[in-house]
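Source file: final31.cif (mmCIF, N, CA and C atoms)
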data_coords
loop_
_atom_site.label_atom_id
_atom_site.label_comp_id
_atom_site.auth_asym_id
_atom_site.auth_seq_id
_atom_site.Cartn_x
_atom_site.Cartn_y
_atom_site.Cartn_z
N MET Z 1 105.01 -36.96 -1.04
CA MET Z 1 103.57 -37.16 -1.09
C MET Z 1 102.91 -35.84 -1.51
N LYS Z 2 101.89 -35.96 -2.34
CA LYS Z 2 101.15 -34.80 -2.84
C LYS Z 2 99.71 -34.90 -2.36
N ILE Z 3 99.23 -33.83 -1.70
CA ILE Z 3 97.93 -33.82 -1.05
C ILE Z 3 97.00 -32.82 -1.74
N ALA Z 4 95.77 -33.26 -2.01
CA ALA Z 4 94.71 -32.36 -2.49
C ALA Z 4 93.82 -32.07 -1.29
N ILE Z 5 93.44 -30.81 -1.13
CA ILE Z 5 92.61 -30.43 0.02
C ILE Z 5 91.52 -29.46 -0.45
N ALA Z 6 90.34 -29.60 0.15
CA ALA Z 6 89.23 -28.70 -0.19
C ALA Z 6 88.25 -28.64 0.97
N SER Z 7 87.44 -27.60 0.93
CA SER Z 7 86.37 -27.45 1.92
C SER Z 7 85.19 -26.76 1.25
N ASP Z 8 84.06 -26.82 1.94
CA ASP Z 8 82.97 -25.92 1.57
C ASP Z 8 83.03 -24.75 2.53
N HIS Z 9 82.02 -23.90 2.52
CA HIS Z 9 82.00 -22.71 3.37
C HIS Z 9 82.07 -23.04 4.86
N GLY Z 10 81.60 -24.21 5.24
CA GLY Z 10 81.59 -24.62 6.64
C GLY Z 10 82.92 -25.14 7.15
N GLY Z 11 83.91 -25.21 6.27
CA GLY Z 11 85.19 -25.79 6.69
C GLY Z 11 86.41 -24.99 6.31
N THR Z 12 86.22 -23.74 5.87
CA THR Z 12 87.37 -22.98 5.36
C THR Z 12 88.41 -22.68 6.43
N ARG Z 13 87.99 -22.37 7.63
CA ARG Z 13 88.98 -22.05 8.68
C ARG Z 13 89.80 -23.28 9.05
N LEU Z 14 89.15 -24.42 9.21
CA LEU Z 14 89.88 -25.64 9.55
C LEU Z 14 90.78 -26.07 8.39
N LYS Z 15 90.30 -25.90 7.18
CA LYS Z 15 91.13 -26.24 6.01
C LYS Z 15 92.42 -25.44 6.03
N ASP Z 16 92.34 -24.15 6.33
CA ASP Z 16 93.54 -23.32 6.39
C ASP Z 16 94.50 -23.79 7.48
N GLU Z 17 93.95 -24.22 8.61
CA GLU Z 17 94.79 -24.78 9.68
C GLU Z 17 95.49 -26.05 9.22
N LEU Z 18 94.79 -26.87 8.47
CA LEU Z 18 95.36 -28.14 8.01
C LEU Z 18 96.40 -27.92 6.92
N ILE Z 19 96.24 -26.89 6.13
CA ILE Z 19 97.28 -26.56 5.14
C ILE Z 19 98.58 -26.23 5.85
N ALA Z 20 98.50 -25.54 6.97
CA ALA Z 20 99.71 -25.24 7.75
C ALA Z 20 100.38 -26.53 8.24
N VAL Z 21 99.58 -27.51 8.64
CA VAL Z 21 100.12 -28.80 9.07
C VAL Z 21 100.80 -29.51 7.91
N ILE Z 22 100.17 -29.52 6.75
CA ILE Z 22 100.73 -30.16 5.56
C ILE Z 22 102.06 -29.51 5.19
N LYS Z 23 102.09 -28.18 5.23
CA LYS Z 23 103.34 -27.45 4.96
C LYS Z 23 104.42 -27.83 5.97
N ASP Z 24 104.04 -27.89 7.25
CA ASP Z 24 104.98 -28.24 8.30
C ASP Z 24 105.57 -29.64 8.10
N LEU Z 25 104.77 -30.53 7.57
CA LEU Z 25 105.23 -31.89 7.30
C LEU Z 25 106.09 -31.97 6.04
N GLY Z 26 106.09 -30.90 5.25
CA GLY Z 26 106.92 -30.85 4.05
C GLY Z 26 106.31 -31.49 2.82
N PHE Z 27 105.00 -31.70 2.84
CA PHE Z 27 104.32 -32.30 1.69
C PHE Z 27 103.84 -31.24 0.71
N ALA Z 28 103.85 -31.57 -0.55
CA ALA Z 28 103.26 -30.71 -1.57
C ALA Z 28 101.74 -30.80 -1.44
N TYR Z 29 101.06 -29.73 -1.80
CA TYR Z 29 99.60 -29.74 -1.72
C TYR Z 29 99.03 -28.77 -2.75
N GLU Z 30 97.74 -28.96 -3.00
CA GLU Z 30 96.99 -28.00 -3.80
C GLU Z 30 95.67 -27.76 -3.10
N ASP Z 31 95.29 -26.50 -2.96
CA ASP Z 31 94.04 -26.09 -2.34
C ASP Z 31 92.99 -25.93 -3.44
N PHE Z 32 91.95 -26.75 -3.38
CA PHE Z 32 90.89 -26.72 -4.38
C PHE Z 32 89.69 -25.87 -3.94
N GLY Z 33 89.89 -25.03 -2.91
CA GLY Z 33 88.82 -24.16 -2.45
C GLY Z 33 87.99 -24.86 -1.39
N CYS Z 34 86.92 -24.27 -1.00
CA CYS Z 34 86.48 -22.94 -1.33
C CYS Z 34 87.20 -21.94 -0.43
N ASN Z 35 87.26 -20.74 -0.90
CA ASN Z 35 87.92 -19.69 -0.12
C ASN Z 35 86.93 -18.55 0.12
N CYS Z 36 85.75 -18.94 0.57
CA CYS Z 36 84.70 -17.96 0.81
C CYS Z 36 83.88 -18.36 2.02
N GLU Z 37 83.09 -17.44 2.52
CA GLU Z 37 82.21 -17.74 3.63
C GLU Z 37 80.76 -17.87 3.19
N GLY Z 38 80.48 -17.49 1.94
CA GLY Z 38 79.13 -17.63 1.42
C GLY Z 38 78.81 -19.09 1.12
N SER Z 39 77.56 -19.43 1.22
CA SER Z 39 77.13 -20.81 1.03
C SER Z 39 77.49 -21.35 -0.36
N VAL Z 40 78.10 -22.53 -0.38
CA VAL Z 40 78.42 -23.24 -1.62
C VAL Z 40 77.96 -24.69 -1.47
N ASP Z 41 77.98 -25.43 -2.55
CA ASP Z 41 77.56 -26.82 -2.53
C ASP Z 41 78.78 -27.73 -2.41
N TYR Z 42 78.85 -28.52 -1.34
CA TYR Z 42 80.01 -29.35 -1.06
C TYR Z 42 80.40 -30.32 -2.18
N PRO Z 43 79.47 -30.88 -2.97
CA PRO Z 43 79.92 -31.76 -4.05
C PRO Z 43 80.81 -31.05 -5.08
N ASP Z 44 80.61 -29.74 -5.23
CA ASP Z 44 81.42 -28.98 -6.20
C ASP Z 44 82.89 -28.95 -5.80
N TYR Z 45 83.20 -29.26 -4.55
CA TYR Z 45 84.58 -29.27 -4.07
C TYR Z 45 85.07 -30.68 -3.78
N ALA Z 46 84.21 -31.53 -3.25
CA ALA Z 46 84.60 -32.90 -2.93
C ALA Z 46 84.87 -33.73 -4.19
N LEU Z 47 84.01 -33.61 -5.18
CA LEU Z 47 84.14 -34.46 -6.37
C LEU Z 47 85.41 -34.18 -7.18
N PRO Z 48 85.78 -32.93 -7.44
CA PRO Z 48 87.04 -32.70 -8.16
C PRO Z 48 88.27 -33.25 -7.43
N VAL Z 49 88.30 -33.09 -6.11
CA VAL Z 49 89.43 -33.63 -5.35
C VAL Z 49 89.44 -35.15 -5.46
N ALA Z 50 88.29 -35.78 -5.28
CA ALA Z 50 88.22 -37.24 -5.37
C ALA Z 50 88.64 -37.72 -6.76
N GLU Z 51 88.22 -37.04 -7.79
CA GLU Z 51 88.61 -37.42 -9.15
C GLU Z 51 90.12 -37.31 -9.35
N LYS Z 52 90.73 -36.27 -8.81
CA LYS Z 52 92.19 -36.09 -8.93
C LYS Z 52 92.95 -37.18 -8.17
N VAL Z 53 92.46 -37.54 -7.01
CA VAL Z 53 93.10 -38.62 -6.23
C VAL Z 53 92.91 -39.95 -6.95
N ALA Z 54 91.70 -40.22 -7.42
CA ALA Z 54 91.43 -41.48 -8.12
C ALA Z 54 92.27 -41.60 -9.39
N ALA Z 55 92.55 -40.49 -10.05
CA ALA Z 55 93.34 -40.50 -11.28
C ALA Z 55 94.85 -40.61 -11.00
N GLY Z 56 95.23 -40.54 -9.73
CA GLY Z 56 96.64 -40.64 -9.38
C GLY Z 56 97.41 -39.33 -9.46
N GLU Z 57 96.71 -38.23 -9.67
CA GLU Z 57 97.38 -36.93 -9.72
C GLU Z 57 97.81 -36.46 -8.33
N PHE Z 58 97.13 -36.99 -7.31
CA PHE Z 58 97.47 -36.71 -5.92
C PHE Z 58 97.48 -38.03 -5.17
N ASP Z 59 98.33 -38.13 -4.17
CA ASP Z 59 98.42 -39.36 -3.39
C ASP Z 59 97.28 -39.51 -2.41
N ARG Z 60 96.89 -38.40 -1.80
CA ARG Z 60 95.83 -38.41 -0.80
C ARG Z 60 95.00 -37.14 -0.91
N GLY Z 61 93.78 -37.20 -0.34
CA GLY Z 61 92.91 -36.04 -0.33
C GLY Z 61 92.32 -35.82 1.04
N ILE Z 62 92.15 -34.56 1.40
CA ILE Z 62 91.56 -34.17 2.67
C ILE Z 62 90.41 -33.20 2.39
N LEU Z 63 89.25 -33.48 2.99
CA LEU Z 63 88.06 -32.66 2.80
C LEU Z 63 87.55 -32.17 4.13
N VAL Z 64 86.99 -30.96 4.15
CA VAL Z 64 86.43 -30.40 5.37
C VAL Z 64 85.12 -29.70 5.04
N CYS Z 65 84.09 -30.00 5.80
CA CYS Z 65 82.85 -29.24 5.73
C CYS Z 65 82.37 -29.06 7.17
N GLY Z 66 81.14 -28.71 7.37
CA GLY Z 66 80.66 -28.49 8.73
C GLY Z 66 80.75 -29.74 9.58
N THR Z 67 80.31 -30.87 9.04
CA THR Z 67 80.35 -32.14 9.78
C THR Z 67 81.32 -33.15 9.18
N GLY Z 68 81.69 -32.98 7.93
CA GLY Z 68 82.50 -33.96 7.21
C GLY Z 68 81.67 -35.02 6.52
N ILE Z 69 80.41 -35.10 6.85
CA ILE Z 69 79.55 -36.17 6.33
C ILE Z 69 79.28 -36.01 4.84
N GLY Z 70 78.78 -34.84 4.45
CA GLY Z 70 78.44 -34.63 3.04
C GLY Z 70 79.63 -34.80 2.12
N MET Z 71 80.77 -34.26 2.52
CA MET Z 71 81.98 -34.38 1.71
C MET Z 71 82.38 -35.84 1.54
N SER Z 72 82.33 -36.63 2.63
CA SER Z 72 82.73 -38.03 2.54
C SER Z 72 81.77 -38.82 1.65
N ILE Z 73 80.49 -38.54 1.75
CA ILE Z 73 79.51 -39.23 0.90
C ILE Z 73 79.78 -38.92 -0.57
N ALA Z 74 79.99 -37.65 -0.88
CA ALA Z 74 80.26 -37.26 -2.27
C ALA Z 74 81.54 -37.92 -2.79
N ALA Z 75 82.61 -37.84 -2.01
CA ALA Z 75 83.89 -38.40 -2.46
C ALA Z 75 83.80 -39.90 -2.73
N ASN Z 76 83.05 -40.61 -1.91
CA ASN Z 76 82.94 -42.05 -2.07
C ASN Z 76 82.13 -42.48 -3.29
N LYS Z 77 81.53 -41.55 -3.99
CA LYS Z 77 80.84 -41.86 -5.24
C LYS Z 77 81.82 -42.03 -6.39
N VAL Z 78 83.06 -41.59 -6.21
CA VAL Z 78 84.07 -41.67 -7.26
C VAL Z 78 84.77 -43.02 -7.17
N LYS Z 79 84.80 -43.74 -8.28
CA LYS Z 79 85.43 -45.06 -8.33
C LYS Z 79 86.89 -44.97 -7.88
N GLY Z 80 87.26 -45.85 -6.99
CA GLY Z 80 88.64 -45.90 -6.52
C GLY Z 80 88.90 -45.10 -5.26
N ILE Z 81 87.89 -44.40 -4.78
CA ILE Z 81 88.07 -43.60 -3.58
C ILE Z 81 87.55 -44.36 -2.37
N ARG Z 82 88.36 -44.31 -1.32
CA ARG Z 82 87.97 -44.81 -0.01
C ARG Z 82 88.19 -43.65 0.96
N CYS Z 83 87.12 -42.91 1.19
CA CYS Z 83 87.16 -41.71 2.03
C CYS Z 83 86.48 -42.01 3.36
N ALA Z 84 87.23 -41.84 4.44
CA ALA Z 84 86.69 -42.09 5.77
C ALA Z 84 86.38 -40.77 6.47
N LEU Z 85 85.26 -40.75 7.17
CA LEU Z 85 84.91 -39.64 8.04
C LEU Z 85 85.67 -39.89 9.35
N VAL Z 86 86.56 -38.98 9.70
CA VAL Z 86 87.45 -39.21 10.85
C VAL Z 86 87.40 -38.01 11.80
N HIS Z 87 87.16 -38.31 13.09
CA HIS Z 87 87.16 -37.26 14.11
C HIS Z 87 87.97 -37.64 15.34
N ASP Z 88 88.81 -38.69 15.23
CA ASP Z 88 89.69 -39.05 16.33
C ASP Z 88 90.95 -39.69 15.76
N VAL Z 89 92.03 -39.67 16.54
CA VAL Z 89 93.34 -40.15 16.09
C VAL Z 89 93.33 -41.66 15.88
N PHE Z 90 92.67 -42.42 16.74
CA PHE Z 90 92.64 -43.87 16.58
C PHE Z 90 92.03 -44.25 15.23
N SER Z 91 90.92 -43.63 14.88
CA SER Z 91 90.27 -43.93 13.60
C SER Z 91 91.15 -43.54 12.42
N ALA Z 92 91.87 -42.43 12.55
CA ALA Z 92 92.78 -42.00 11.48
C ALA Z 92 93.86 -43.06 11.25
N LYS Z 93 94.40 -43.58 12.32
CA LYS Z 93 95.43 -44.62 12.22
C LYS Z 93 94.85 -45.90 11.64
N ALA Z 94 93.72 -46.33 12.18
CA ALA Z 94 93.12 -47.59 11.74
C ALA Z 94 92.66 -47.54 10.29
N THR Z 95 92.14 -46.41 9.86
CA THR Z 95 91.61 -46.33 8.50
C THR Z 95 92.72 -46.39 7.45
N ARG Z 96 93.92 -45.97 7.81
CA ARG Z 96 95.06 -46.13 6.90
C ARG Z 96 95.58 -47.57 6.96
N GLN Z 97 95.76 -48.08 8.17
CA GLN Z 97 96.34 -49.41 8.33
C GLN Z 97 95.43 -50.51 7.79
N HIS Z 98 94.14 -50.40 8.02
CA HIS Z 98 93.20 -51.48 7.70
C HIS Z 98 92.38 -51.25 6.44
N ASN Z 99 92.07 -49.98 6.12
CA ASN Z 99 91.17 -49.69 5.00
C ASN Z 99 91.87 -49.07 3.81
N ASP Z 100 93.16 -48.78 3.94
CA ASP Z 100 93.95 -48.16 2.86
C ASP Z 100 93.23 -46.94 2.28
N THR Z 101 92.69 -46.11 3.17
CA THR Z 101 91.97 -44.92 2.70
C THR Z 101 92.92 -43.98 1.96
N ASN Z 102 92.39 -43.41 0.91
CA ASN Z 102 93.16 -42.41 0.16
C ASN Z 102 92.60 -41.00 0.38
N MET Z 103 91.52 -40.92 1.13
CA MET Z 103 90.95 -39.62 1.50
C MET Z 103 90.35 -39.69 2.89
N ILE Z 104 90.34 -38.53 3.56
CA ILE Z 104 89.60 -38.39 4.81
C ILE Z 104 88.77 -37.13 4.74
N SER Z 105 87.75 -37.10 5.56
CA SER Z 105 86.87 -35.95 5.68
C SER Z 105 86.67 -35.65 7.15
N MET Z 106 86.60 -34.36 7.48
CA MET Z 106 86.41 -33.93 8.87
C MET Z 106 85.41 -32.78 8.92
N GLY Z 107 84.87 -32.56 10.11
CA GLY Z 107 83.91 -31.48 10.31
C GLY Z 107 84.45 -30.38 11.18
N GLU Z 108 84.48 -29.17 10.64
CA GLU Z 108 84.94 -28.01 11.41
C GLU Z 108 84.05 -27.73 12.62
N ARG Z 109 82.77 -28.08 12.51
CA ARG Z 109 81.84 -27.84 13.62
C ARG Z 109 81.88 -28.97 14.64
N VAL Z 110 82.69 -29.99 14.36
CA VAL Z 110 82.77 -31.17 15.22
C VAL Z 110 84.07 -31.20 16.03
N ILE Z 111 85.19 -30.85 15.40
CA ILE Z 111 86.47 -30.91 16.09
C ILE Z 111 87.24 -29.60 15.91
N GLY Z 112 88.19 -29.37 16.78
CA GLY Z 112 89.01 -28.17 16.71
C GLY Z 112 90.27 -28.40 15.92
N PRO Z 113 91.01 -27.32 15.68
CA PRO Z 113 92.21 -27.41 14.84
C PRO Z 113 93.33 -28.26 15.44
N GLY Z 114 93.48 -28.27 16.76
CA GLY Z 114 94.54 -29.07 17.37
C GLY Z 114 94.35 -30.55 17.11
N LEU Z 115 93.16 -31.04 17.37
CA LEU Z 115 92.85 -32.45 17.13
C LEU Z 115 92.89 -32.76 15.64
N ALA Z 116 92.35 -31.89 14.82
CA ALA Z 116 92.36 -32.11 13.37
C ALA Z 116 93.79 -32.22 12.86
N GLY Z 117 94.68 -31.39 13.37
CA GLY Z 117 96.08 -31.46 12.98
C GLY Z 117 96.71 -32.79 13.36
N GLU Z 118 96.42 -33.28 14.56
CA GLU Z 118 96.94 -34.58 14.98
C GLU Z 118 96.38 -35.71 14.12
N ILE Z 119 95.13 -35.60 13.74
CA ILE Z 119 94.51 -36.59 12.85
C ILE Z 119 95.25 -36.63 11.52
N VAL Z 120 95.49 -35.46 10.94
CA VAL Z 120 96.17 -35.39 9.65
C VAL Z 120 97.60 -35.93 9.77
N ARG Z 121 98.31 -35.54 10.80
CA ARG Z 121 99.68 -36.04 11.00
C ARG Z 121 99.69 -37.57 11.10
N THR Z 122 98.77 -38.10 11.86
CA THR Z 122 98.69 -39.56 12.03
C THR Z 122 98.33 -40.23 10.73
N TRP Z 123 97.30 -39.74 10.08
CA TRP Z 123 96.82 -40.37 8.84
C TRP Z 123 97.87 -40.34 7.74
N LEU Z 124 98.55 -39.21 7.60
CA LEU Z 124 99.58 -39.11 6.57
C LEU Z 124 100.82 -39.94 6.92
N GLY Z 125 101.01 -40.25 8.19
CA GLY Z 125 102.18 -41.00 8.61
C GLY Z 125 102.02 -42.51 8.63
N GLU Z 126 100.81 -42.99 8.48
CA GLU Z 126 100.54 -44.42 8.54
C GLU Z 126 100.57 -45.07 7.17
N ALA Z 127 100.90 -46.36 7.16
CA ALA Z 127 100.92 -47.15 5.94
C ALA Z 127 99.85 -48.24 6.01
N PHE Z 128 99.42 -48.70 4.87
CA PHE Z 128 98.49 -49.82 4.78
C PHE Z 128 99.21 -51.09 5.19
N GLU Z 129 98.61 -51.87 6.07
CA GLU Z 129 99.24 -53.10 6.56
C GLU Z 129 99.16 -54.26 5.58
N GLY Z 130 98.23 -54.22 4.64
CA GLY Z 130 98.08 -55.33 3.71
C GLY Z 130 97.59 -56.57 4.43
N GLY Z 131 98.14 -57.73 4.06
CA GLY Z 131 97.72 -58.98 4.70
C GLY Z 131 96.24 -59.23 4.56
N ARG Z 132 95.62 -59.60 5.67
CA ARG Z 132 94.18 -59.93 5.64
C ARG Z 132 93.35 -58.74 5.19
N HIS Z 133 93.87 -57.54 5.41
CA HIS Z 133 93.14 -56.33 5.02
C HIS Z 133 93.12 -56.16 3.50
N ALA Z 134 94.17 -56.59 2.82
CA ALA Z 134 94.23 -56.48 1.36
C ALA Z 134 93.11 -57.29 0.71
N ASN Z 135 92.81 -58.43 1.25
CA ASN Z 135 91.72 -59.25 0.71
C ASN Z 135 90.39 -58.52 0.83
N ARG Z 136 90.18 -57.86 1.93
CA ARG Z 136 88.93 -57.13 2.15
C ARG Z 136 88.81 -55.94 1.20
N ILE Z 137 89.90 -55.22 1.03
CA ILE Z 137 89.90 -54.10 0.09
C ILE Z 137 89.67 -54.62 -1.32
N GLY Z 138 90.27 -55.76 -1.63
CA GLY Z 138 90.07 -56.39 -2.94
C GLY Z 138 88.61 -56.70 -3.21
N LYS Z 139 87.89 -57.14 -2.20
CA LYS Z 139 86.47 -57.44 -2.37
C LYS Z 139 85.68 -56.15 -2.67
N ILE Z 140 86.03 -55.07 -2.01
CA ILE Z 140 85.37 -53.79 -2.27
C ILE Z 140 85.66 -53.32 -3.69
N THR Z 141 86.92 -53.41 -4.08
CA THR Z 141 87.32 -52.99 -5.43
C THR Z 141 86.64 -53.84 -6.49
N SER Z 142 86.57 -55.14 -6.26
CA SER Z 142 85.90 -56.04 -7.20
C SER Z 142 84.43 -55.68 -7.36
N TYR Z 143 83.77 -55.43 -6.26
CA TYR Z 143 82.36 -55.02 -6.31
C TYR Z 143 82.21 -53.71 -7.09
N GLU Z 144 83.07 -52.77 -6.77
CA GLU Z 144 83.04 -51.47 -7.44
C GLU Z 144 83.23 -51.63 -8.94
N ASP Z 145 84.15 -52.50 -9.34
CA ASP Z 145 84.44 -52.71 -10.75
C ASP Z 145 83.28 -53.35 -11.50
N THR Z 146 82.49 -54.16 -10.84
CA THR Z 146 81.40 -54.87 -11.53
C THR Z 146 80.03 -54.24 -11.35
N HIS Z 147 79.92 -53.23 -10.50
CA HIS Z 147 78.60 -52.64 -10.23
C HIS Z 147 78.50 -51.16 -10.53
N ARG Z 148 79.45 -50.60 -11.23
CA ARG Z 148 79.35 -49.17 -11.55
C ARG Z 148 79.26 -48.97 -13.03
#
As structure tokens - that is how I would like this structure written.
Amino acid sequence: MKIAIASDHGGTRLKDELIAVIKDLGFAYEDFGCNCEGSVDYPDYALPVAEKVAAGEFDRGILVCGTGIGMSIAANKVKGIRCALVHDVFSAKATRQHNDTNMISMGERVIGPGLAGEIVRTWLGEAFEGGRHANRIGKITSYEDTHR
């Protein structure tokens, strides 16, 4: 599995912690920034990662900002992206099993590195269940295809 990861200035420390988790799991990754503490605009980091995931260059994407909200909103503007804002392990598991998410977003100011690491481990370890959930994802994809 190949993971794309990025943050804005509000998520750089947590992003670095999550890179260590990705390495520990043995997955390939690419860090799309930011690597600074000065203020930057989160769409400049969320959108390139989402585009790479949507294009199939990466299997999954992880975004971090202060709350995770802005990054998830930006990523979900890219066709083919299903990015969930996740701050607990149950949601990480459910969003893979039921929503077939290909990206998650988290907030450094909301959760700590220990919990964030468990979220990433869970999310990367879960598979989409398909079945009744596939029909629901199909409806979202169909809408996206006809309304963008």
Output of the PyMOL selection byres ((chain Z and resi 123-134) around 6.5), listed as a compact mmCIF listing (two decimals) with N, CA and C atoms, in the frame of the given file:
# COMPACT_ATOMS: atom_id res chain seq x y z
N ALA Z 92 91.87 -42.43 12.55
CA ALA Z 92 92.78 -42.00 11.48
C ALA Z 92 93.86 -43.06 11.25
N LYS Z 93 94.40 -43.58 12.32
CA LYS Z 93 95.43 -44.62 12.22
C LYS Z 93 94.85 -45.90 11.64
N ARG Z 96 93.92 -45.97 7.81
CA ARG Z 96 95.06 -46.13 6.90
C ARG Z 96 95.58 -47.57 6.96
N GLN Z 97 95.76 -48.08 8.17
CA GLN Z 97 96.34 -49.41 8.33
C GLN Z 97 95.43 -50.51 7.79
N HIS Z 98 94.14 -50.40 8.02
CA HIS Z 98 93.20 -51.48 7.70
C HIS Z 98 92.38 -51.25 6.44
N ASP Z 100 93.16 -48.78 3.94
CA ASP Z 100 93.95 -48.16 2.86
C ASP Z 100 93.23 -46.94 2.28
N GLU Z 118 96.42 -33.28 14.56
CA GLU Z 118 96.94 -34.58 14.98
C GLU Z 118 96.38 -35.71 14.12
N ILE Z 119 95.13 -35.60 13.74
CA ILE Z 119 94.51 -36.59 12.85
C ILE Z 119 95.25 -36.63 11.52
N VAL Z 120 95.49 -35.46 10.94
CA VAL Z 120 96.17 -35.39 9.65
C VAL Z 120 97.60 -35.93 9.77
N ARG Z 121 98.31 -35.54 10.80
CA ARG Z 121 99.68 -36.04 11.00
C ARG Z 121 99.69 -37.57 11.10
N THR Z 122 98.77 -38.10 11.86
CA THR Z 122 98.69 -39.56 12.03
C THR Z 122 98.33 -40.23 10.73
N ASN Z 135 92.81 -58.43 1.25
CA ASN Z 135 91.72 -59.25 0.71
C ASN Z 135 90.39 -58.52 0.83
N ARG Z 136 90.18 -57.86 1.93
CA ARG Z 136 88.93 -57.13 2.15
C ARG Z 136 88.81 -55.94 1.20
N ILE Z 137 89.90 -55.22 1.03
CA ILE Z 137 89.90 -54.10 0.09
C ILE Z 137 89.67 -54.62 -1.32
N GLY Z 138 90.27 -55.76 -1.63
CA GLY Z 138 90.07 -56.39 -2.94
C GLY Z 138 88.61 -56.70 -3.21
N LYS Z 139 87.89 -57.14 -2.20
CA LYS Z 139 86.47 -57.44 -2.37
C LYS Z 139 85.68 -56.15 -2.67
Next on the checklist: Given all atoms listed in the file as the basis, pick out the residue of Z:Asn99, Z:Thr12, Z:Ser72, Z:Ser142 nearest to Glu37 in chain Z.
Outcome noted: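 Of the candidates, the smallest distance to Glu37 in chain Z is held by Z:Thr12.
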Checklist entry - What's the 12 Å shell around Pro48 in chain Z, counting only C-alpha atoms, without same-chain residues fewer than 3 positions away, as a PyMOL selection string? => result chain Z and resi 4-7+30-34+42-45+51-55+57-58+61-63+71+74-78+81
Atoms kept (N, CA and C atoms) for selection, written as a short mmCIF file (atom, residue, chain, number, x, y, z; two decimals), keeping the file's coordinate frame:
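What ended up in out-v3.cif:
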data_model
loop_
_atom_site.label_atom_id
_atom_site.label_comp_id
_atom_site.auth_asym_id
_atom_site.auth_seq_id
_atom_site.Cartn_x
_atom_site.Cartn_y
_atom_site.Cartn_z
N ALA Z 4 95.77 -33.26 -2.01
CA ALA Z 4 94.71 -32.36 -2.49
C ALA Z 4 93.82 -32.07 -1.29
N ILE Z 5 93.44 -30.81 -1.13
CA ILE Z 5 92.61 -30.43 0.02
C ILE Z 5 91.52 -29.46 -0.45
N ALA Z 6 90.34 -29.60 0.15
CA ALA Z 6 89.23 -28.70 -0.19
C ALA Z 6 88.25 -28.64 0.97
N SER Z 7 87.44 -27.60 0.93
CA SER Z 7 86.37 -27.45 1.92
C SER Z 7 85.19 -26.76 1.25
N GLU Z 30 97.74 -28.96 -3.00
CA GLU Z 30 96.99 -28.00 -3.80
C GLU Z 30 95.67 -27.76 -3.10
N ASP Z 31 95.29 -26.50 -2.96
CA ASP Z 31 94.04 -26.09 -2.34
C ASP Z 31 92.99 -25.93 -3.44
N PHE Z 32 91.95 -26.75 -3.38
CA PHE Z 32 90.89 -26.72 -4.38
C PHE Z 32 89.69 -25.87 -3.94
N GLY Z 33 89.89 -25.03 -2.91
CA GLY Z 33 88.82 -24.16 -2.45
C GLY Z 33 87.99 -24.86 -1.39
N CYS Z 34 86.92 -24.27 -1.00
CA CYS Z 34 86.48 -22.94 -1.33
C CYS Z 34 87.20 -21.94 -0.43
N TYR Z 42 78.85 -28.52 -1.34
CA TYR Z 42 80.01 -29.35 -1.06
C TYR Z 42 80.40 -30.32 -2.18
N PRO Z 43 79.47 -30.88 -2.97
CA PRO Z 43 79.92 -31.76 -4.05
C PRO Z 43 80.81 -31.05 -5.08
N ASP Z 44 80.61 -29.74 -5.23
CA ASP Z 44 81.42 -28.98 -6.20
C ASP Z 44 82.89 -28.95 -5.80
N TYR Z 45 83.20 -29.26 -4.55
CA TYR Z 45 84.58 -29.27 -4.07
C TYR Z 45 85.07 -30.68 -3.78
N GLU Z 51 88.22 -37.04 -7.79
CA GLU Z 51 88.61 -37.42 -9.15
C GLU Z 51 90.12 -37.31 -9.35
N LYS Z 52 90.73 -36.27 -8.81
CA LYS Z 52 92.19 -36.09 -8.93
C LYS Z 52 92.95 -37.18 -8.17
N VAL Z 53 92.46 -37.54 -7.01
CA VAL Z 53 93.10 -38.62 -6.23
C VAL Z 53 92.91 -39.95 -6.95
N ALA Z 54 91.70 -40.22 -7.42
CA ALA Z 54 91.43 -41.48 -8.12
C ALA Z 54 92.27 -41.60 -9.39
N ALA Z 55 92.55 -40.49 -10.05
CA ALA Z 55 93.34 -40.50 -11.28
C ALA Z 55 94.85 -40.61 -11.00
N GLU Z 57 96.71 -38.23 -9.67
CA GLU Z 57 97.38 -36.93 -9.72
C GLU Z 57 97.81 -36.46 -8.33
N PHE Z 58 97.13 -36.99 -7.31
CA PHE Z 58 97.47 -36.71 -5.92
C PHE Z 58 97.48 -38.03 -5.17
N GLY Z 61 93.78 -37.20 -0.34
CA GLY Z 61 92.91 -36.04 -0.33
C GLY Z 61 92.32 -35.82 1.04
N ILE Z 62 92.15 -34.56 1.40
CA ILE Z 62 91.56 -34.17 2.67
C ILE Z 62 90.41 -33.20 2.39
N LEU Z 63 89.25 -33.48 2.99
CA LEU Z 63 88.06 -32.66 2.80
C LEU Z 63 87.55 -32.17 4.13
N MET Z 71 80.77 -34.26 2.52
CA MET Z 71 81.98 -34.38 1.71
C MET Z 71 82.38 -35.84 1.54
N ALA Z 74 79.99 -37.65 -0.88
CA ALA Z 74 80.26 -37.26 -2.27
C ALA Z 74 81.54 -37.92 -2.79
N ALA Z 75 82.61 -37.84 -2.01
CA ALA Z 75 83.89 -38.40 -2.46
C ALA Z 75 83.80 -39.90 -2.73
N ASN Z 76 83.05 -40.61 -1.91
CA ASN Z 76 82.94 -42.05 -2.07
C ASN Z 76 82.13 -42.48 -3.29
N LYS Z 77 81.53 -41.55 -3.99
CA LYS Z 77 80.84 -41.86 -5.24
C LYS Z 77 81.82 -42.03 -6.39
N VAL Z 78 83.06 -41.59 -6.21
CA VAL Z 78 84.07 -41.67 -7.26
C VAL Z 78 84.77 -43.02 -7.17
N ILE Z 81 87.89 -44.40 -4.78
CA ILE Z 81 88.07 -43.60 -3.58
C ILE Z 81 87.55 -44.36 -2.37
#
Checklist entry - Written as a PyMOL selection string, what is the full residue list that the PyMOL selection byres (((chain Z and resi 108 and name CA) around 9) and name CA) yields on the file shown? => result chain Z and resi 10-15+64-68+106-107+109-113+116
Next on the checklist: For a test of reading the model, state the distance in Å between atom C of Gly117 in chain Z and CA of Thr141 in chain Z, rounded to one decimal.
Outcome noted: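 Between atom C of Gly117 in chain Z and CA of Thr141 in chain Z the gap works out to 29.1 Å.
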